[in-house]
$ cat structure-v4.tsv   # TSV, C-alpha atoms
chain	number	residue	atom	x	y	z
A	12	MET	CA	12.90	-12.70	-27.00
A	13	ALA	CA	10.43	-10.03	-28.11
A	14	LYS	CA	10.24	-6.84	-26.11
A	15	ASN	CA	6.56	-6.37	-25.34
A	16	TYR	CA	7.25	-3.57	-22.88
A	17	LYS	CA	9.50	-0.53	-22.85
A	18	TYR	CA	11.62	0.29	-19.82
A	19	GLN	CA	12.16	3.99	-19.18
A	20	ILE	CA	13.92	6.25	-16.68
A	21	GLN	CA	12.82	9.78	-15.85
A	22	ASN	CA	14.93	12.02	-13.63
A	23	ILE	CA	13.19	14.66	-11.53
A	24	GLN	CA	16.10	16.44	-9.87
A	25	ASP	CA	17.33	14.03	-7.17
A	26	TYR	CA	14.61	11.46	-7.82
A	27	GLN	CA	14.54	8.77	-10.48
A	28	LEU	CA	11.27	7.34	-11.71
A	29	VAL	CA	11.48	3.96	-13.44
A	30	SER	CA	8.62	2.68	-15.54
A	31	LEU	CA	7.38	0.00	-17.89
A	32	GLN	CA	5.09	0.85	-20.79
A	33	SER	CA	3.18	-1.77	-22.76
A	34	ASN	CA	3.91	-1.73	-26.50
A	35	SER	CA	0.45	-3.07	-27.33
A	36	SER	CA	-1.81	-0.97	-25.10
A	37	ASN	CA	-1.89	2.31	-23.21
A	38	SER	CA	-0.88	0.64	-19.96
A	39	SER	CA	2.09	1.50	-17.76
A	40	PHE	CA	3.32	1.92	-14.22
A	41	SER	CA	6.11	3.82	-12.53
A	42	ILE	CA	7.88	3.55	-9.20
A	43	ILE	CA	10.40	5.63	-7.28
A	44	PRO	CA	13.15	3.26	-6.05
A	45	SER	CA	14.78	5.83	-3.75
A	46	LEU	CA	11.50	6.35	-1.89
A	47	GLY	CA	10.95	2.80	-0.75
A	48	ALA	CA	9.99	1.52	-4.21
A	49	SER	CA	6.84	3.62	-3.86
A	50	LEU	CA	4.14	2.97	-6.43
A	51	ASN	CA	3.93	6.29	-8.25
A	52	SER	CA	1.58	5.75	-11.18
A	53	VAL	CA	-0.61	3.09	-12.74
A	54	VAL	CA	-2.29	3.47	-16.14
A	55	LEU	CA	-4.45	0.57	-17.33
A	56	ASN	CA	-5.92	0.65	-20.83
A	57	GLY	CA	-5.59	4.42	-20.87
A	58	HIS	CA	-7.12	5.01	-17.44
A	59	ASN	CA	-4.99	6.79	-14.86
A	60	ILE	CA	-5.69	4.92	-11.63
A	61	LEU	CA	-3.58	6.60	-8.95
A	62	TRP	CA	-2.84	10.03	-7.51
A	63	SER	CA	0.71	10.36	-8.82
A	64	ALA	CA	3.63	12.77	-8.98
A	65	THR	CA	4.94	14.29	-12.21
A	66	ASN	CA	7.27	16.99	-10.86
A	67	LEU	CA	9.41	17.80	-7.83
A	68	GLN	CA	6.70	19.70	-5.97
A	69	GLU	CA	4.27	16.79	-6.34
A	70	ILE	CA	6.91	14.33	-5.13
A	71	GLN	CA	7.45	16.50	-2.06
A	72	GLU	CA	3.75	17.11	-1.37
A	73	ARG	CA	2.25	13.79	-2.45
A	74	THR	CA	4.82	11.02	-2.35
A	75	ILE	CA	6.69	12.23	0.73
A	76	LYS	CA	4.27	14.23	2.88
A	77	SER	CA	1.14	12.23	2.05
A	78	TYR	CA	2.90	8.85	1.70
A	79	ALA	CA	1.21	8.40	-1.69
A	80	GLY	CA	2.02	4.92	-2.97
A	81	ALA	CA	4.35	4.25	-0.04
A	82	GLN	CA	5.54	0.79	0.93
A	83	LEU	CA	5.01	0.22	4.65
A	84	ALA	CA	7.32	-2.03	6.71
A	85	PRO	CA	8.14	-3.41	9.23
A	86	PHE	CA	4.95	-1.92	10.65
A	87	VAL	CA	1.92	-0.29	9.07
A	88	ASN	CA	0.01	2.79	10.12
A	89	ARG	CA	0.80	3.95	13.67
A	90	ILE	CA	2.72	2.81	16.74
A	91	LYS	CA	1.21	4.49	19.79
A	92	ASP	CA	3.52	7.02	21.46
A	93	ALA	CA	6.31	5.76	19.16
A	94	SER	CA	7.26	2.97	21.55
A	95	TYR	CA	6.70	-0.77	21.78
A	96	SER	CA	7.87	-3.80	23.71
A	97	PHE	CA	9.02	-7.10	22.27
A	98	LYS	CA	10.32	-10.01	24.32
A	99	GLN	CA	10.05	-7.84	27.44
A	100	LYS	CA	12.32	-5.14	26.08
A	101	LYS	CA	11.10	-1.63	25.28
A	102	TYR	CA	12.09	0.21	22.10
A	103	ASN	CA	11.60	3.86	21.19
A	104	LEU	CA	10.88	4.98	17.64
A	105	VAL	CA	11.06	8.34	15.92
A	106	LYS	CA	7.89	10.37	16.42
A	107	ASN	CA	7.16	11.28	12.80
A	108	GLU	CA	3.52	12.11	13.49
A	109	PRO	CA	4.23	15.04	15.81
A	110	GLY	CA	0.64	16.17	16.27
A	111	LEU	CA	-0.29	12.83	17.79
A	112	GLY	CA	3.09	11.69	19.09
A	113	ASN	CA	3.09	8.43	17.17
A	114	ALA	CA	5.49	6.63	14.85
A	115	LEU	CA	4.02	6.36	11.37
A	116	HIS	CA	4.32	3.91	8.46
A	117	GLY	CA	7.51	2.01	9.25
A	118	PHE	CA	11.11	2.58	8.18
A	119	VAL	CA	11.39	1.84	4.45
A	120	PHE	CA	9.23	4.52	2.80
A	121	ASP	CA	12.31	6.71	2.28
A	122	LYS	CA	14.92	3.99	1.73
A	123	GLY	CA	16.68	3.28	-1.54
A	124	PHE	CA	15.63	0.00	-3.15
A	125	GLU	CA	17.87	-1.70	-5.70
A	126	LEU	CA	16.49	-2.51	-9.13
A	127	VAL	CA	17.57	-6.13	-9.58
A	128	ALA	CA	15.68	-7.28	-12.69
A	129	ILE	CA	14.08	-5.74	-15.78
A	130	ASN	CA	12.02	-8.03	-18.00
A	131	GLU	CA	10.76	-6.21	-21.09
A	132	ALA	CA	9.30	-9.42	-22.51
A	133	GLU	CA	6.93	-10.14	-19.64
A	134	GLY	CA	6.49	-6.66	-18.15
A	135	ILE	CA	8.25	-7.23	-14.84
A	136	LEU	CA	10.43	-5.06	-12.61
A	137	LYS	CA	12.01	-6.51	-9.48
A	138	LEU	CA	13.47	-4.51	-6.60
A	139	SER	CA	14.96	-5.41	-3.25
A	140	TYR	CA	16.11	-3.87	0.00
A	141	ASP	CA	18.03	-5.25	2.97
A	142	PHE	CA	17.14	-3.63	6.27
A	143	LYS	CA	19.91	-3.69	8.87
A	144	ALA	CA	19.25	-3.74	12.60
A	145	GLN	CA	19.11	-0.42	14.43
A	146	ASP	CA	18.45	0.60	18.01
A	147	ALA	CA	14.72	1.10	17.51
A	148	TYR	CA	14.32	-2.21	15.67
A	149	PRO	CA	17.31	-4.52	16.21
A	150	PHE	CA	16.42	-7.04	13.51
A	151	ASP	CA	17.57	-7.73	9.94
A	152	PHE	CA	15.10	-8.46	7.17
A	153	ALA	CA	14.97	-8.39	3.38
A	154	ILE	CA	12.16	-7.22	1.10
A	155	GLU	CA	11.78	-8.28	-2.52
A	156	ASN	CA	9.10	-6.74	-4.75
A	157	SER	CA	8.05	-7.97	-8.17
A	158	PHE	CA	5.83	-5.61	-10.19
A	159	ARG	CA	4.11	-7.24	-13.18
A	160	LEU	CA	2.06	-5.32	-15.75
A	161	THR	CA	-0.61	-6.57	-18.15
A	162	ASP	CA	-3.01	-4.55	-20.27
A	163	ASN	CA	-5.58	-4.42	-17.48
A	164	SER	CA	-3.69	-5.16	-14.27
A	165	LEU	CA	-0.69	-4.51	-12.09
A	166	THR	CA	0.33	-7.25	-9.68
A	167	ILE	CA	2.83	-6.70	-6.86
A	168	ASP	CA	4.33	-9.80	-5.26
A	169	THR	CA	6.26	-9.14	-2.07
A	170	ALA	CA	8.50	-11.52	-0.14
A	171	ILE	CA	9.87	-10.59	3.28
A	172	THR	CA	12.58	-12.76	4.81
A	173	ASN	CA	13.85	-12.74	8.38
A	174	LYS	CA	17.65	-12.39	8.20
A	175	SER	CA	18.09	-12.31	11.98
A	176	GLN	CA	18.95	-15.17	14.28
A	177	GLU	CA	15.76	-14.72	16.29
A	178	VAL	CA	12.03	-14.27	15.83
A	179	ILE	CA	11.13	-10.77	14.61
A	180	PRO	CA	7.86	-8.78	14.65
A	181	ILE	CA	6.92	-7.76	11.12
A	182	GLY	CA	4.16	-6.21	9.09
A	183	HIS	CA	3.69	-4.89	5.57
A	184	GLY	CA	1.34	-2.74	3.55
A	185	TRP	CA	0.84	-0.37	0.63
A	186	HIS	CA	-0.54	3.18	0.71
A	187	PRO	CA	-2.04	4.01	-2.73
A	188	TYR	CA	-4.44	6.88	-3.32
A	189	PHE	CA	-6.92	6.11	-6.10
A	190	ASP	CA	-7.77	9.05	-8.34
A	191	ILE	CA	-9.24	8.97	-11.84
A	192	GLY	CA	-10.32	12.62	-11.79
A	193	GLY	CA	-13.44	14.23	-10.41
A	194	ASN	CA	-15.03	13.90	-7.00
A	195	ILE	CA	-14.83	10.69	-5.00
A	196	ASP	CA	-18.42	11.30	-3.82
A	197	ASP	CA	-19.62	10.12	-7.23
A	198	ALA	CA	-17.77	6.81	-7.03
A	199	HIS	CA	-19.22	3.57	-5.70
A	200	LEU	CA	-17.35	1.37	-3.24
A	201	GLN	CA	-17.59	-2.23	-2.12
A	202	LEU	CA	-15.51	-3.80	0.66
A	203	ALA	CA	-15.16	-7.42	1.74
A	204	ALA	CA	-15.77	-6.23	5.29
A	205	ASN	CA	-18.64	-5.28	7.59
A	206	LYS	CA	-16.82	-4.07	10.70
A	207	TYR	CA	-14.10	-1.58	11.54
A	208	PHE	CA	-11.94	-0.92	14.58
A	209	LEU	CA	-12.89	1.92	16.88
A	210	VAL	CA	-9.92	4.17	17.69
A	211	ASP	CA	-8.84	6.49	20.49
A	212	GLU	CA	-7.80	10.14	20.24
A	213	GLN	CA	-4.44	9.08	18.74
A	214	PHE	CA	-6.16	6.98	16.06
A	215	ILE	CA	-5.01	3.79	17.77
A	216	PRO	CA	-7.44	0.81	17.76
A	217	THR	CA	-9.18	0.19	21.07
A	218	GLY	CA	-9.74	-3.44	20.10
A	219	GLU	CA	-13.50	-2.92	19.84
A	220	LEU	CA	-15.18	-3.51	16.47
A	221	LYS	CA	-18.16	-1.53	15.17
A	222	GLN	CA	-20.67	-2.99	12.74
A	223	PHE	CA	-20.55	-1.16	9.41
A	224	ASP	CA	-22.08	-2.77	6.35
A	225	LYS	CA	-22.71	0.31	4.19
A	226	PHE	CA	-20.26	-0.98	1.59
A	227	ALA	CA	-20.93	-4.69	1.89
A	228	GLN	CA	-22.57	-4.18	-1.51
A	229	LEU	CA	-21.47	-1.71	-4.16
A	230	SER	CA	-22.81	1.65	-2.93
A	231	GLN	CA	-22.19	5.30	-3.70
A	232	ILE	CA	-19.65	6.91	-1.41
A	233	ALA	CA	-21.53	10.25	-1.44
A	234	LYS	CA	-20.61	12.26	1.66
A	235	THR	CA	-19.33	9.31	3.69
A	236	GLU	CA	-16.10	10.11	5.51
A	237	LEU	CA	-13.80	7.15	6.03
A	238	ASP	CA	-10.67	6.71	8.10
A	239	TYR	CA	-11.08	3.18	9.37
A	240	CYS	CA	-9.26	-0.13	9.51
A	241	PHE	CA	-11.41	-3.03	8.36
A	242	PRO	CA	-10.67	-6.71	9.05
A	243	ILE	CA	-11.44	-8.27	5.68
A	244	ASP	CA	-13.07	-11.50	4.64
A	245	THR	CA	-10.13	-13.44	3.22
A	246	SER	CA	-12.23	-16.32	1.83
A	247	ASN	CA	-12.10	-14.50	-1.52
A	248	ASN	CA	-9.11	-12.63	-2.93
A	249	LEU	CA	-11.37	-9.79	-4.13
A	250	VAL	CA	-11.30	-7.37	-1.19
A	251	ALA	CA	-12.47	-4.05	-2.65
A	252	GLN	CA	-14.04	-2.51	-5.73
A	253	LEU	CA	-14.36	1.06	-6.92
A	254	PHE	CA	-16.83	1.88	-9.67
A	255	TYR	CA	-16.98	5.20	-11.50
A	256	PRO	CA	-20.36	5.36	-13.32
A	257	GLU	CA	-19.50	8.34	-15.49
A	258	LYS	CA	-16.57	6.48	-17.05
A	259	GLY	CA	-17.92	2.97	-16.67
A	260	LEU	CA	-14.65	2.07	-14.98
A	261	ARG	CA	-14.38	-0.62	-12.33
A	262	ILE	CA	-11.21	-0.97	-10.26
A	263	SER	CA	-10.90	-4.26	-8.42
A	264	LEU	CA	-8.37	-4.90	-5.66
A	265	LEU	CA	-7.28	-8.45	-4.95
A	266	THR	CA	-4.90	-9.55	-2.21
A	267	GLU	CA	-3.23	-12.57	-0.68
A	268	GLY	CA	-1.73	-12.43	2.80
A	269	TYR	CA	-3.17	-9.03	3.69
A	270	LYS	CA	-5.92	-9.37	6.30
A	271	TYR	CA	-6.85	-5.71	6.77
A	272	LEU	CA	-7.75	-2.65	4.71
A	273	GLN	CA	-7.22	0.91	5.89
A	274	VAL	CA	-9.66	3.11	3.98
A	275	TYR	CA	-9.30	6.88	4.07
A	276	THR	CA	-11.09	9.71	2.26
A	277	PRO	CA	-9.09	12.98	2.40
A	278	SER	CA	-11.01	16.18	3.02
A	279	ASP	CA	-10.58	17.43	-0.56
A	280	ARG	CA	-12.81	14.51	-1.70
A	281	LYS	CA	-10.67	13.95	-4.80
A	282	THR	CA	-9.04	10.66	-3.83
A	283	ILE	CA	-9.53	7.59	-1.69
A	284	ALA	CA	-6.75	5.59	-0.06
A	285	ILE	CA	-7.40	1.86	0.09
A	286	GLU	CA	-4.43	0.31	1.83
A	287	PRO	CA	-3.85	-3.45	2.10
A	288	GLN	CA	-2.17	-4.26	5.41
A	289	THR	CA	-1.07	-7.43	7.16
A	290	SER	CA	-2.07	-5.96	10.52
A	291	ALA	CA	-3.97	-3.18	12.20
A	292	ALA	CA	-2.33	-0.05	13.59
A	293	ASP	CA	-0.13	-0.45	16.68
A	294	ALA	CA	0.31	-4.16	16.04
A	295	PHE	CA	3.69	-4.17	17.79
A	296	ASN	CA	1.77	-3.38	20.99
A	297	ASN	CA	-1.73	-4.82	20.57
A	298	GLY	CA	-0.77	-7.84	18.46
A	299	ILE	CA	-3.71	-7.41	16.04
A	300	GLY	CA	-2.48	-9.20	12.92
A	301	LEU	CA	1.15	-9.13	14.05
A	302	ILE	CA	3.39	-11.59	12.20
A	303	ARG	CA	6.17	-13.23	14.19
A	304	LEU	CA	8.67	-14.42	11.63
A	305	GLU	CA	11.14	-17.19	12.46
A	306	PRO	CA	14.82	-16.98	11.40
A	307	ASN	CA	15.21	-17.49	7.63
A	308	GLN	CA	11.44	-17.77	7.26
A	309	SER	CA	9.67	-15.75	4.56
A	310	ILE	CA	6.17	-14.44	4.06
A	311	ASN	CA	4.74	-14.02	0.58
A	312	LEU	CA	2.14	-11.37	-0.18
A	313	LYS	CA	0.21	-10.29	-3.26
A	314	PHE	CA	-1.60	-7.06	-4.18
A	315	GLN	CA	-3.30	-6.73	-7.55
A	316	ILE	CA	-5.02	-3.73	-9.15
A	317	LEU	CA	-7.38	-4.74	-11.96
A	318	ALA	CA	-9.27	-2.32	-14.23
A	319	SER	CA	-12.26	-3.11	-16.42
A	320	THR	CA	-14.85	-1.15	-18.35
A	321	THR	CA	-18.34	-2.19	-17.36
A	322	SER	CA	-21.85	-1.02	-16.61
A	323	TYR	CA	-23.16	-0.79	-13.05
A	324	SER	CA	-24.08	-4.11	-11.47
$ encode --input "structure-v4.tsv" --output "C-alpha cells"
Amino acid sequence: MAKNYKYQIQNIQDYQLVSLQSNSSNSSFSIIPSLGASLNSVVLNGHNILWSATNLQEIQERTIKSYAGAQLAPFVNRIKDASYSFKQKKYNLVKNEPGLGNALHGFVFDKGFELVAINEAEGILKLSYDFKAQDAYPFDFAIENSFRLTDNSLTIDTAITNKSQEVIPIGHGWHPYFDIGGNIDDAHLQLAANKYFLVDEQFIPTGELKQFDKFAQLSQIAKTELDYCFPIDTSNNLVAQLFYPEKGLRISLLTEGYKYLQVYTPSDRKTIAIEPQTSAADAFNNGIGLIRLEPNQSINLKFQILASTTSYS
C-alpha cells in the first residue's frame, strides 16, 4: 500500500512529538502523547493554524501552563471549589487553579497516551489511554483518539467507554488556541450560538443565559473580549468559523457530540481559544451537559478543523 503520509518523531528533551506529514501537500499535524495526546500543531495547505510549541520553553509555557491543545476529561473547564457530589457522596479534587480555588480541565492533560496505530496510507494516528479509579474520581474509563489528516482538514474522532461497573459522570473537550500570525482583532468570527452563560467571581456558570448575537453572522472581532461558554446550535455540524481577510483564509470548525463552545481571547490579542466541550463548566455539580455513562457504554465524538482559501462572504 502506498505511503501517502510520512510519520515522524521529534524529541524535545523529555517530550516526544509525533507527527504525520502529507507527501502531496504542505499539510501536517503533531501531537504530544505524554501530555494527554495534546494537539500541538496543525498545518493545512501551508497555513499554520494553531499556537504550537517548537522547543522546551514553549512546551512548558504553552502546552503545560496554558493548556494549549489539551485534551480535557473526565470534566472540562472548572469544578467549583474543587469538589463535587455524585450519588450522594462528596469527592475532593486537586485545586490546580489556586487563584480561584477550583479544579481545572480534568485529569488526562498530563497523562501518557499509547500510540496504537500508524497509518501512512490514509494519514491516521490512533492513541488510547485507560484511566484507573482514584479517590477523587473512583471510576474506570478508556479514551481512544483517531487523528486523520487530509490536505485541508484534520478530524479527531474520540470514543470514551465506561469500564466501571456503575454509571459514571463524564465530559470531554479540546483546548486549541488558533493563531495564524498577527492580531486577532483583525479576524472575523462566526458562532452557531446567540447566548452565553453568565458566571460568578470564580468563573462558574450561574445558570443564567445572556443574549449575545454579535457573532451570529461573520463579524470582525475588533476589541471584543471573550471568555464565555456558549450553548451551540447542534442542528448543523458547522459550529464556528474564523476568517482572516488579509490572507483570505477561512477556518471552519465542525463537531458532533459537543454541545458547547468555550471561547476565550487572551489579553495579548494574538490568539483565540475555541474549545468544543460536551458540557459547561462545573457540570459535575450543576449538571449542565453532564453525560451519565452506563457500564460498558461508549460515547463517540468528532471535532474537525477545515481550512479553505476564500474571499469574504
$ closest_residue --input "structure-v4.tsv" --among "A:Val178, A:Ile310, A:Ile215, A:Leu67" --to "A:Leu111" --atoms "only C-alpha atoms"
A:Ile215
$ residues_near_point --input "structure-v4.tsv" --point "(13.6, 2.6, 0.9)" --cutoff "9 Å" --atoms "only C-alpha atoms" --output "MDAnalysis selection string"
chainID A and resid 44:49 82 118:125 140 142
$ closest_residue --input "structure-v4.tsv" --among "A:Phe295, A:Phe314, A:Phe241, A:Phe223" --to "A:Gly117" --atoms "only C-alpha atoms"
A:Phe295
$ atom_distance --input "structure-v4.tsv" --atom1 "atom CA of A:Ala79" --atom2 "atom CA of A:Cys240"
17.5 Å
$ closest_residue --input "structure-v4.tsv" --among "A:His186, A:Lys91, A:Lys14, A:Arg73" --to "A:Ala294" --atoms "only C-alpha atoms"
A:Lys91
$ atom_distance --input "structure-v4.tsv" --atom1 "atom CA of A:Thr245" --atom2 "atom CA of A:Leu264"
12.4 Å
$ residues_around --input "structure-v4.tsv" --residues "stretch 166-176 of chain A" --least-positions-apart "2" --cutoff "6 Å" --atoms "all atoms listed in the file" --output "PDB file with C-alpha atoms, in the frame of the given file"
ATOM      1  CA  PHE A 150      16.420  -7.040  13.510  1.00  0.00           C
ATOM      2  CA  ASP A 151      17.570  -7.730   9.940  1.00  0.00           C
ATOM      3  CA  PHE A 152      15.100  -8.460   7.170  1.00  0.00           C
ATOM      4  CA  ALA A 153      14.970  -8.390   3.380  1.00  0.00           C
ATOM      5  CA  ILE A 154      12.160  -7.220   1.100  1.00  0.00           C
ATOM      6  CA  GLU A 155      11.780  -8.280  -2.520  1.00  0.00           C
ATOM      7  CA  ASN A 156       9.100  -6.740  -4.750  1.00  0.00           C
ATOM      8  CA  SER A 157       8.050  -7.970  -8.170  1.00  0.00           C
ATOM      9  CA  PHE A 158       5.830  -5.610 -10.190  1.00  0.00           C
ATOM     10  CA  ARG A 159       4.110  -7.240 -13.180  1.00  0.00           C
ATOM     11  CA  PRO A 306      14.820 -16.980  11.400  1.00  0.00           C
ATOM     12  CA  ASN A 307      15.210 -17.490   7.630  1.00  0.00           C
ATOM     13  CA  GLN A 308      11.440 -17.770   7.260  1.00  0.00           C
ATOM     14  CA  SER A 309       9.670 -15.750   4.560  1.00  0.00           C
ATOM     15  CA  ILE A 310       6.170 -14.440   4.060  1.00  0.00           C
ATOM     16  CA  ASN A 311       4.740 -14.020   0.580  1.00  0.00           C
ATOM     17  CA  LEU A 312       2.140 -11.370  -0.180  1.00  0.00           C
ATOM     18  CA  LYS A 313       0.210 -10.290  -3.260  1.00  0.00           C
ATOM     19  CA  PHE A 314      -1.600  -7.060  -4.180  1.00  0.00           C
ATOM     20  CA  GLN A 315      -3.300  -6.730  -7.550  1.00  0.00           C
TER      21      GLN A 315
END
